[in-house]
$ cat protein_9.txt   # compact mmCIF, C-alpha atoms and all ligand atoms
# COMPACT_ATOMS: atom_id res chain seq x y z
CA LYS A 2 85.35 159.18 135.27
CA GLU A 3 85.42 155.53 134.28
CA ILE A 4 83.40 153.90 131.54
CA SER A 5 80.84 151.33 132.72
CA MET A 6 78.53 148.79 131.14
CA GLU A 7 74.97 147.66 131.75
CA LEU A 8 72.67 145.11 130.12
CA ILE A 9 69.22 146.69 129.82
CA ASP A 10 66.35 144.53 130.98
CA GLY A 11 67.99 141.50 129.39
CA SER A 12 66.15 138.89 131.41
CA SER A 13 63.89 137.70 128.60
CA TRP A 14 66.86 136.85 126.40
CA LEU A 15 69.58 136.12 128.90
CA SER A 16 69.10 135.18 132.54
CA PRO A 17 71.60 136.38 135.16
CA GLU A 18 72.34 132.67 135.76
CA GLU A 19 73.33 132.10 132.12
CA ILE A 20 75.64 135.09 132.22
CA ALA A 21 77.17 134.00 135.52
CA SER A 22 77.77 130.52 134.23
CA GLY A 23 79.41 131.92 131.05
CA VAL A 24 81.61 134.12 133.20
CA GLU A 25 82.64 131.11 135.25
CA GLU A 26 83.27 128.99 132.17
CA TYR A 27 85.57 131.56 130.58
CA ALA A 28 87.26 132.92 133.71
CA SER A 29 90.52 131.21 132.77
CA TYR A 30 90.40 132.94 129.34
CA LEU A 31 90.36 136.28 131.10
CA GLU A 32 93.55 135.39 132.96
CA GLU A 33 95.22 134.33 129.69
CA VAL A 34 94.20 137.51 127.90
CA LYS A 35 95.35 139.78 130.75
CA TYR A 36 98.98 138.88 130.09
CA GLY A 37 98.68 137.58 126.54
CA GLU A 38 99.25 134.12 125.17
CA GLU A 39 102.51 132.93 123.70
CA GLN A 40 100.85 131.91 120.42
CA TYR A 41 99.92 135.57 119.79
CA GLU A 42 103.14 137.07 121.13
CA GLU A 43 103.91 138.72 117.81
CA ASN A 44 100.61 140.60 117.83
CA LEU A 45 100.39 141.78 121.41
CA GLY A 46 102.49 144.94 121.36
CA TRP A 47 99.35 146.90 122.35
CA LEU A 48 98.55 144.85 125.46
CA ASP A 49 101.10 146.57 127.69
CA VAL A 50 100.32 150.26 127.05
CA GLU A 51 103.85 151.19 128.14
CA GLU A 52 105.42 149.50 125.16
CA TRP A 53 104.35 152.03 122.51
CA ALA A 54 102.57 154.69 124.55
CA GLY A 55 104.91 155.01 127.51
CA GLU A 56 106.26 158.41 128.55
CA LYS A 57 109.39 158.20 126.39
CA TRP A 58 107.43 157.51 123.23
CA ILE A 59 104.76 160.10 124.03
CA THR A 60 107.44 162.77 124.43
CA TYR A 61 108.98 161.70 121.13
CA TYR A 62 105.66 161.85 119.20
CA GLN A 63 104.87 165.22 120.79
CA LYS A 64 108.24 166.68 119.85
CA LEU A 65 107.94 165.55 116.26
CA ALA A 66 104.37 166.86 116.15
CA ALA A 67 105.47 170.23 117.56
CA ASP A 68 107.98 170.58 114.71
CA VAL A 69 105.24 169.96 112.18
CA ARG A 70 102.85 172.34 113.96
CA LYS A 71 105.40 175.16 113.72
CA ASN A 72 105.14 175.25 109.92
CA ALA A 73 102.06 173.38 108.72
CA ASP A 74 98.58 174.59 107.88
CA VAL A 75 97.49 171.18 106.71
CA PHE A 76 98.66 167.70 107.66
CA VAL A 77 97.61 164.95 105.26
CA VAL A 78 97.32 161.48 106.79
CA ILE A 79 97.62 158.86 104.05
CA GLY A 80 96.46 155.49 105.30
CA ILE A 81 93.59 153.04 105.34
CA GLY A 82 91.87 150.74 107.83
CA GLY A 83 93.86 150.31 111.00
CA SER A 84 96.37 152.82 109.72
CA ASN A 85 94.04 155.81 110.01
CA GLN A 86 90.78 154.96 111.78
CA ALA A 87 91.81 155.52 115.42
CA ALA A 88 93.38 158.92 114.81
CA ARG A 89 90.43 159.94 112.70
CA ALA A 90 87.99 158.80 115.41
CA VAL A 91 89.58 161.08 118.00
CA VAL A 92 90.22 164.05 115.73
CA ASP A 93 86.64 163.97 114.44
CA ALA A 94 85.16 163.77 117.93
CA ILE A 95 87.37 166.25 119.76
CA GLY A 96 88.48 168.42 116.85
CA GLU A 97 91.81 169.98 115.98
CA THR A 98 93.18 172.64 118.31
CA GLY A 99 95.68 175.15 117.05
CA PRO A 100 96.95 175.90 113.60
CA VAL A 101 96.83 172.55 111.79
CA THR A 102 93.90 171.01 109.92
CA ILE A 103 94.04 167.28 109.28
CA VAL A 104 93.08 165.98 105.84
CA TRP A 105 92.52 162.25 105.28
CA ALA A 106 93.76 160.58 102.10
CA GLY A 107 94.94 157.19 100.88
CA ASN A 108 91.72 155.53 101.97
CA SER A 109 90.00 155.42 98.59
CA ILE A 110 90.70 154.70 94.93
CA SER A 111 88.26 157.32 93.75
CA ALA A 112 89.64 159.89 91.32
CA ASP A 113 87.13 162.40 92.63
CA SER A 114 88.35 161.93 96.22
CA ILE A 115 92.02 162.46 95.41
CA ARG A 116 91.18 165.47 93.28
CA SER A 117 89.23 167.08 96.07
CA VAL A 118 92.03 166.39 98.57
CA LEU A 119 94.56 168.08 96.27
CA GLN A 120 92.16 170.95 95.70
CA GLU A 121 91.92 171.48 99.45
CA LEU A 122 95.70 171.82 99.74
CA LYS A 123 96.14 174.67 97.30
CA GLY A 124 97.91 177.68 98.80
CA LYS A 125 98.52 175.95 102.15
CA SER A 126 101.66 174.83 103.91
CA VAL A 127 101.37 171.05 103.67
CA TYR A 128 103.04 168.17 105.53
CA ILE A 129 102.20 164.54 104.91
CA ASN A 130 102.30 161.32 106.91
CA VAL A 131 101.96 158.07 104.99
CA ILE A 132 101.13 155.17 107.29
CA ALA A 133 101.35 151.60 106.05
CA LYS A 134 102.43 148.44 107.75
CA ASN A 135 102.53 146.44 104.57
CA PHE A 136 103.44 148.96 101.92
CA GLU A 137 101.64 146.98 99.25
CA THR A 138 98.18 148.29 100.08
CA LEU A 139 96.99 150.02 96.97
CA GLU A 140 95.11 152.98 98.45
CA PRO A 141 97.94 154.52 100.50
CA GLY A 142 100.44 153.52 97.82
CA ILE A 143 98.77 155.51 95.06
CA GLY A 144 97.65 158.24 97.44
CA PHE A 145 101.31 158.75 98.43
CA ARG A 146 102.30 158.98 94.77
CA ALA A 147 99.67 161.64 94.07
CA LEU A 148 100.71 163.64 97.13
CA ARG A 149 104.42 163.34 96.26
CA SER A 150 103.77 164.80 92.81
CA PHE A 151 101.84 167.65 94.37
CA MET A 152 104.52 168.30 96.99
CA LYS A 153 107.37 168.20 94.48
CA LYS A 154 105.60 170.78 92.36
CA GLU A 155 104.97 173.01 95.35
CA TYR A 156 108.25 172.75 97.24
CA GLY A 157 110.82 171.37 94.77
CA GLU A 158 113.39 168.95 96.17
CA GLU A 159 112.90 170.43 99.67
CA TYR A 160 109.55 168.61 99.77
CA VAL A 161 111.23 165.59 101.39
CA LYS A 162 111.49 167.51 104.66
CA ARG A 163 107.71 167.60 104.78
CA VAL A 164 107.20 163.85 104.47
CA ILE A 165 106.96 161.47 107.43
CA CYS A 166 106.49 157.77 106.82
CA THR A 167 105.21 155.38 109.47
CA GLY A 168 106.24 151.94 108.25
CA SER A 169 107.63 148.59 109.29
CA GLU A 170 111.32 148.28 109.89
CA GLY A 171 112.83 146.45 106.94
CA SER A 172 109.91 147.32 104.67
CA HIS A 173 110.09 148.89 101.25
CA LEU A 174 108.69 152.06 102.77
CA GLU A 175 111.66 152.30 105.12
CA LYS A 176 113.96 151.83 102.14
CA LEU A 177 112.20 154.72 100.38
CA CYS A 178 112.85 156.88 103.45
CA LYS A 179 116.55 156.08 103.39
CA VAL A 180 116.89 156.68 99.65
CA ASN A 181 114.80 159.86 99.54
CA GLY A 182 115.42 161.40 102.95
CA PHE A 183 111.86 161.18 104.33
CA HIS A 184 111.49 161.04 108.11
CA PHE A 185 110.83 157.50 109.32
CA LEU A 186 108.62 156.45 112.27
CA PRO A 187 108.35 152.77 113.20
CA PHE A 188 105.07 150.97 112.64
CA PRO A 189 105.24 148.45 115.49
CA ALA A 190 106.09 145.02 114.13
CA ASN A 191 104.23 143.45 117.04
CA ILE A 192 100.86 145.17 116.44
CA GLY A 193 98.39 144.57 113.61
CA GLY A 194 96.79 147.65 112.01
CA ARG A 195 93.45 147.66 113.81
CA PHE A 196 95.12 147.42 117.25
CA THR A 197 97.46 150.40 116.71
CA ALA A 198 95.43 153.23 118.28
CA LEU A 199 97.92 153.52 121.15
CA SER A 200 101.09 153.50 119.06
CA PRO A 201 102.82 155.95 116.68
CA VAL A 202 100.24 155.01 114.06
CA GLY A 203 97.37 156.59 115.99
CA LEU A 204 99.12 158.88 118.43
CA PHE A 205 101.44 160.86 116.16
CA PRO A 206 98.70 162.25 113.85
CA MET A 207 96.56 162.94 116.91
CA ALA A 208 99.42 164.96 118.42
CA VAL A 209 99.77 166.98 115.22
CA ALA A 210 96.05 167.79 115.52
CA GLY A 211 96.67 169.16 119.01
CA ILE A 212 95.11 166.23 120.86
CA ASP A 213 96.52 165.62 124.34
CA ILE A 214 98.02 162.20 123.66
CA SER A 215 99.42 161.84 127.17
CA ALA A 216 95.81 161.91 128.42
CA ILE A 217 94.90 159.24 125.84
CA ALA A 218 97.73 157.06 127.14
CA LYS A 219 96.68 157.78 130.73
CA GLY A 220 93.10 156.66 130.00
CA ALA A 221 94.38 153.46 128.38
CA GLN A 222 96.67 152.81 131.36
CA LEU A 223 93.77 153.32 133.78
CA MET A 224 91.71 150.82 131.84
CA ARG A 225 94.61 148.37 131.70
CA GLN A 226 95.11 148.58 135.48
CA ARG A 227 91.41 148.12 136.07
CA LEU A 228 91.13 145.09 133.77
CA LEU A 229 94.17 143.51 135.40
CA LYS A 230 92.76 144.05 138.87
CA GLU A 231 89.20 142.87 138.27
CA SER A 232 88.43 139.24 138.98
CA ALA A 233 86.24 137.28 136.57
CA SER A 234 83.04 138.07 138.48
CA GLU A 235 83.88 141.81 138.52
CA SER A 236 85.23 142.07 134.98
CA MET A 237 83.25 144.35 132.69
CA ALA A 238 85.30 143.06 129.74
CA LEU A 239 84.54 139.41 130.45
CA GLU A 240 80.85 140.14 131.00
CA TYR A 241 80.61 141.99 127.70
CA ALA A 242 82.53 139.27 125.82
CA VAL A 243 80.34 136.55 127.34
CA ILE A 244 77.07 138.38 126.59
CA ARG A 245 78.10 138.97 122.96
CA ASN A 246 78.88 135.29 122.48
CA LEU A 247 75.74 134.06 124.26
CA LEU A 248 73.56 136.32 122.13
CA TYR A 249 75.35 135.12 119.01
CA GLN A 250 74.57 131.52 119.99
CA LYS A 251 70.91 132.50 120.41
CA GLY A 252 70.68 133.71 116.82
CA PHE A 253 71.44 137.41 117.24
CA SER A 254 74.05 137.49 114.51
CA MET A 255 74.66 141.25 114.37
CA GLU A 256 75.78 143.79 116.93
CA MET A 257 74.94 147.40 116.33
CA LEU A 258 76.93 150.14 118.06
CA SER A 259 74.53 153.05 118.41
CA TYR A 260 75.18 156.58 119.55
CA PHE A 261 73.38 159.90 119.62
CA GLU A 262 76.47 162.05 119.09
CA PRO A 263 77.25 162.07 115.35
CA ARG A 264 80.87 162.94 116.12
CA TYR A 265 81.26 159.27 117.13
CA PHE A 266 80.76 158.18 113.50
CA ARG A 267 84.48 157.63 112.94
CA PHE A 268 84.84 155.91 116.28
CA ALA A 269 82.05 153.54 115.24
CA LYS A 270 83.94 152.83 111.99
CA TRP A 271 87.06 152.02 114.04
CA TRP A 272 84.99 149.71 116.29
CA MET A 273 83.37 148.06 113.26
CA GLN A 274 86.74 147.25 111.73
CA LEU A 275 88.17 146.00 115.01
CA PHE A 276 85.43 143.45 115.58
CA GLY A 277 84.58 142.65 111.96
CA GLU A 278 88.12 141.92 110.86
CA SER A 279 89.07 140.16 114.09
CA GLU A 280 86.04 137.90 114.55
CA GLY A 281 84.53 137.39 111.11
CA LYS A 282 86.31 134.23 110.02
CA ASP A 283 85.95 130.45 109.75
CA ASN A 284 82.31 131.11 108.81
CA LYS A 285 81.67 132.56 112.26
CA GLY A 286 81.33 135.90 113.97
CA LEU A 287 78.92 138.68 114.79
CA TYR A 288 78.45 141.18 111.97
CA PRO A 289 79.25 144.62 113.41
CA LEU A 290 77.27 147.62 112.24
CA PHE A 291 76.46 151.01 113.68
CA GLY A 292 73.53 153.35 114.20
CA ASN A 293 74.19 157.05 113.79
CA PHE A 294 71.21 158.31 115.78
CA SER A 295 68.87 160.04 115.75
CA GLU A 296 69.31 160.25 111.95
CA ASP A 297 69.36 156.49 111.33
CA LEU A 298 66.24 155.99 113.44
CA HIS A 299 64.41 157.50 110.49
CA SER A 300 65.74 154.87 108.13
CA ILE A 301 67.00 151.69 109.72
CA GLY A 302 64.89 152.34 112.84
CA GLN A 303 61.97 150.64 111.11
CA PHE A 304 63.95 147.44 110.56
CA LEU A 305 65.25 147.49 114.11
CA GLN A 306 61.84 147.80 115.72
CA ASP A 307 59.86 145.68 113.30
CA GLY A 308 62.10 143.58 111.04
CA SER A 309 63.93 140.26 111.47
CA ASN A 310 65.13 139.84 115.03
CA VAL A 311 68.81 139.28 114.33
CA ILE A 312 70.40 142.41 115.79
CA PHE A 313 71.30 143.34 119.34
CA GLU A 314 72.41 146.82 120.22
CA THR A 315 75.23 148.33 122.27
CA PHE A 316 74.61 152.00 122.99
CA LEU A 317 77.34 154.51 123.67
CA ASP A 318 75.82 156.69 126.36
CA VAL A 319 77.80 159.95 126.37
CA GLN A 320 77.15 161.47 129.79
CA ASP A 321 78.68 164.88 129.34
CA THR A 322 78.64 166.00 125.72
CA GLY A 323 80.20 169.34 126.64
CA ALA A 324 77.71 171.08 124.35
CA SER A 325 74.58 173.11 124.83
CA TYR A 326 72.11 174.99 122.66
CA ILE A 327 68.86 176.37 124.03
CA LEU A 328 65.83 176.37 121.81
CA HIS A 329 64.14 179.76 122.18
CA ASN A 330 60.62 180.61 121.09
CA ASP A 331 60.76 183.03 118.14
CA ASN A 332 57.01 183.81 118.10
CA VAL A 333 56.37 181.68 115.03
CA ASP A 334 53.55 179.25 115.69
CA ASP A 335 55.41 176.15 114.47
CA LEU A 336 53.74 173.72 116.94
CA PHE A 337 57.06 172.98 118.61
CA ASP A 338 56.31 175.20 121.60
CA TYR A 339 56.41 172.16 123.94
CA LEU A 340 60.17 172.42 123.49
CA ASP A 341 60.50 176.11 124.37
CA GLY A 342 63.53 176.77 126.56
CA LYS A 343 64.81 173.22 126.33
CA ASP A 344 68.39 172.39 125.46
CA PHE A 345 69.16 170.32 122.31
CA ASP A 346 71.21 168.15 124.65
CA GLU A 347 68.19 167.51 126.86
CA ILE A 348 66.01 166.68 123.85
CA ASN A 349 68.71 164.33 122.55
CA ARG A 350 68.78 162.57 125.92
CA ALA A 351 65.00 162.11 125.84
CA ALA A 352 65.34 160.56 122.36
CA PHE A 353 68.14 158.32 123.64
CA GLU A 354 66.13 157.05 126.65
CA ALA A 355 63.02 156.54 124.51
CA THR A 356 64.99 154.55 121.94
CA ILE A 357 66.49 152.26 124.56
CA THR A 358 63.04 151.66 126.04
CA ALA A 359 61.51 150.86 122.65
CA HIS A 360 64.38 148.76 121.30
CA SER A 361 64.91 146.76 124.47
CA LYS A 362 61.35 145.48 124.19
CA LYS A 363 62.25 143.92 120.84
CA PHE A 364 65.87 142.71 121.31
CA PRO A 365 68.72 142.80 123.83
CA CYS A 366 70.32 146.17 124.44
CA MET A 367 73.45 147.12 126.33
CA LYS A 368 74.68 150.49 127.41
CA ILE A 369 78.28 151.60 127.73
CA SER A 370 78.47 154.84 129.69
CA VAL A 371 81.06 157.22 128.30
CA PRO A 372 81.73 159.93 130.90
CA ALA A 373 82.90 162.65 128.50
CA VAL A 374 84.09 163.43 125.00
CA ASP A 375 87.73 163.76 126.01
CA GLU A 376 91.12 162.20 125.56
CA GLU A 377 91.21 160.15 128.73
CA THR A 378 87.89 158.55 127.87
CA PHE A 379 89.03 157.71 124.33
CA GLY A 380 92.10 156.03 125.84
CA GLN A 381 89.80 153.91 128.01
CA LEU A 382 87.51 153.07 125.11
CA PHE A 383 90.33 152.02 122.75
CA TYR A 384 91.92 149.77 125.32
CA PHE A 385 88.63 148.34 126.56
CA PHE A 386 87.35 147.36 123.12
CA GLU A 387 90.72 145.94 121.98
CA PHE A 388 90.88 143.82 125.13
CA VAL A 389 87.26 142.66 124.74
CA CYS A 390 87.89 141.86 121.10
CA TYR A 391 90.81 139.57 121.94
CA LEU A 392 88.81 137.89 124.71
CA SER A 393 85.62 137.59 122.70
CA ALA A 394 87.41 136.10 119.67
CA LYS A 395 88.99 133.57 121.99
CA ILE A 396 85.56 132.57 123.30
CA LEU A 397 84.31 132.34 119.71
CA GLY A 398 87.30 130.17 118.82
CA VAL A 399 88.97 132.29 116.15
CA ASN A 400 92.37 133.97 115.82
CA PRO A 401 91.68 137.69 116.40
CA PHE A 402 94.91 138.88 114.82
CA ASP A 403 94.85 137.63 111.25
CA GLN A 404 92.64 138.58 108.29
CA PRO A 405 92.95 135.91 105.60
CA GLY A 406 89.61 136.89 104.08
CA VAL A 407 90.69 140.32 102.90
CA GLU A 408 93.15 138.77 100.47
CA ALA A 409 90.59 137.14 98.16
CA TYR A 410 89.42 140.20 96.21
CA LYS A 411 92.96 141.58 96.12
CA GLN A 412 94.21 138.62 94.09
CA TYR A 413 91.62 139.31 91.36
CA MET A 414 92.27 143.04 91.45
CA PHE A 415 96.06 142.75 91.29
CA GLN A 416 95.76 140.27 88.46
CA ALA A 417 93.49 142.65 86.55
CA LEU A 418 95.94 145.50 87.15
CA GLY A 419 98.98 143.50 86.05
CA LYS A 420 100.86 143.55 89.35
CA ASN A 421 104.13 141.67 89.12
CA GLU A 422 104.29 139.53 92.28
CA ASN A 423 107.68 138.12 91.27
CA LYS A 424 109.24 141.56 91.35
CA ILE A 425 107.92 142.19 94.86
CA GLN A 426 109.15 138.83 96.14
CA ALA A 427 112.55 139.42 94.52
CA ASN A 428 112.85 142.75 96.34
CA GLY A 429 112.27 140.88 99.55
CA TYR A 430 109.49 143.17 100.66
CA GLY A 431 106.56 140.77 100.50
CA ALA A 432 103.35 140.84 102.47
CA ALA A 433 104.82 139.06 105.45
CA VAL A 434 104.80 142.07 107.77
CA GLY A 435 101.22 143.17 107.27
CA ASP A 436 98.12 141.82 105.68
O1 LIG B 501 94.00 145.66 110.77
C1 LIG B 501 94.65 145.49 109.74
O2 LIG B 501 95.71 144.87 109.73
C2 LIG B 501 94.23 146.10 108.43
O3 LIG B 501 92.98 146.65 108.51
C3 LIG B 501 95.20 147.16 107.97
O4 LIG B 501 95.30 148.14 108.96
C4 LIG B 501 94.82 147.79 106.65
O5 LIG B 501 94.56 146.83 105.70
C5 LIG B 501 95.92 148.71 106.15
O6 LIG B 501 97.10 147.99 105.99
P1 LIG B 501 98.48 148.70 105.72
O7 LIG B 501 98.83 149.53 106.89
O8 LIG B 501 99.45 147.59 105.55
O9 LIG B 501 98.32 149.53 104.49

$ encode --input "protein_9.txt" --output "structure tokens" --more "lines below"
Ligand code: PA5
Amino acid sequence: KEISMELIDGSSWLSPEEIASGVEEYASYLEEVKYGEEQYEENLGWLDVEEWAGEKWITYYQKLAADVRKNADVFVVIGIGGSNQAARAVVDAIGETGPVTIVWAGNSISADSIRSVLQELKGKSVYINVIAKNFETLEPGIGFRALRSFMKKEYGEEYVKRVICTGSEGSHLEKLCKVNGFHFLPFPANIGGRFTALSPVGLFPMAVAGIDISAIAKGAQLMRQRLLKESASESMALEYAVIRNLLYQKGFSMEMLSYFEPRYFRFAKWWMQLFGESEGKDNKGLYPLFGNFSEDLHSIGQFLQDGSNVIFETFLDVQDTGASYILHNDNVDDLFDYLDGKDFDEINRAAFEATITAHSKKFPCMKISVPAVDEETFGQLFYFFEFVCYLSAKILGVNPFDQPGVEAYKQYMFQALGKNENKIQANGYGAAVGD
């Protein structure tokens, strides 16, 4: 049950010789990425899955999650970007099992959004988990405030027992935990937000949702072992990284991740952040976008098939969706009788194959086969894409682990809001630990 990759009929854009020569050229990069380079040492805590998703940690996250699951109806995850996307990707695709519903907050500044979150919590037993590496990010900061007020009103001073903070050691958030008695979980100092799927950031909320996080870790480990073992000519990761960069050089400046299972929407958002924030710098990089098919075929499908030829597509091909719904004839002459007795899943597959055939005539298409919608496969996918991202950014010639560009708008916003930078520096809890 391993994921695999295939370039569909790519010969008119990329010859097998070009790919092979790219693979040869960057073979040494693969070896460097396998074990991580010294210059990125402080950002590679995800590379060895054991470090934050080894058995000891998994047992710890599970135990903490079991305590929450004993009493909670709702678990609010307050975080943005790398601090919530991975957990949300898995929970949205697989779904919660058991008593706890996950609610997502701290990822917006909209008054309407926070109001509707608070509305949803009324009459429920609520626990919250604020996740922030750099506890200066505005969205989780104000989301946490709003939730604290709500919790204080509901539970009085006892509310602190229902608050878990995932933050950097030495951060202001850790200080708040000590002063107020919130439970503290470490946000790994050696992993940047978007690479934290396989750490307490991603795994603890998943465990609260009833996701089998040991299977996620197992899938990631399997992928790690495979990527370590594969030589350059066998490496799926190197091939994908090389193809992306070759297509970029040929003027395909956007990569679209397309899928026919809408429950991969949040996964696609995670993927988009991973590549966009890691590669889009120094005036370079592929713009990542996604196609939520078949719905988006009826909107952006026109542009894809007939517009500027700047996009190439990577399809997620989910082999076993685990779902079935047969379309029965109900004796209404609706002209859809050619579909009588067919499964939605079968019809979806026909749409998928037809789309690949049509799109691959216009631009390069790749297919990543995803064996099933399950934990082990998500573990493989997270690790695979993180590894490819590091490798691909290296080929592109950018640092995958920083994000200087996201600071620009913040300076204007903080200025407009009257943020006192001096006070933050004086407290000694500056932006050094995060972004
Ligand atoms: O990948 C990153 O570092 C960012 O996307 C962060 O995850 C995001 O900005 C949230 O940051 P923080 O956890 O510090 O609030």

$ atom_distance --input "protein_9.txt" --atom1 "atom CA of A:Asn72" --atom2 "atom CA of A:Pro100"
9.0 Å

$ atom_distance --input "protein_9.txt" --atom1 "atom CA of A:Gly194" --atom2 "atom C2 of ligand LIG 501 (chain B)"
4.7 Å

$ residues_around --input "protein_9.txt" --residues "A:Val164" --least-positions-apart "3" --cutoff "7 Å" --atoms "only C-alpha atoms" --output "NGL selection string"
:A and (128-130 or 161 or 183-184)

$ write_last_selection --input "protein_9.txt" --atoms "C-alpha atoms" --output "mmCIF file, in the frame of the given file"
data_model
loop_
_atom_site.group_PDB
_atom_site.id
_atom_site.type_symbol
_atom_site.label_atom_id
_atom_site.label_comp_id
_atom_site.auth_asym_id
_atom_site.auth_seq_id
_atom_site.Cartn_x
_atom_site.Cartn_y
_atom_site.Cartn_z
ATOM 1 C CA TYR A 128 103.040 168.170 105.530
ATOM 2 C CA ILE A 129 102.200 164.540 104.910
ATOM 3 C CA ASN A 130 102.300 161.320 106.910
ATOM 4 C CA VAL A 161 111.230 165.590 101.390
ATOM 5 C CA PHE A 183 111.860 161.180 104.330
ATOM 6 C CA HIS A 184 111.490 161.040 108.110
#

$ axis_aligned_box --input "protein_9.txt" --around "ligand LIG 501 (chain B)" --padding-each-side "5 Å" --output "JSON"
{"center_x": 96.2, "center_y": 147.2, "center_z": 107.6, "size_x": 16.5, "size_y": 14.7, "size_z": 16.3}

$ closest_residue --input "protein_9.txt" --among "A:Ala198, A:Ile81, A:Ala216, A:Ile143" --to "ligand LIG 501 (chain B)" --atoms "all atoms listed in the file"
A:Ile81

$ residues_near_ligand --input "protein_9.txt" --ligand "ligand LIG 501 (chain B)" --cutoff "7 Å" --atoms "only C-alpha atoms and all ligand atoms" --output "PyMOL selection string"
chain A and resi 80-84+132-138+141+193-196+278+435-436

$ residues_around --input "protein_9.txt" --residues "A:Asn349" --least-positions-apart "4" --cutoff "8 Å" --atoms "only C-alpha atoms" --output "list in words"
Phe261, Phe345 and Phe353 of chain A
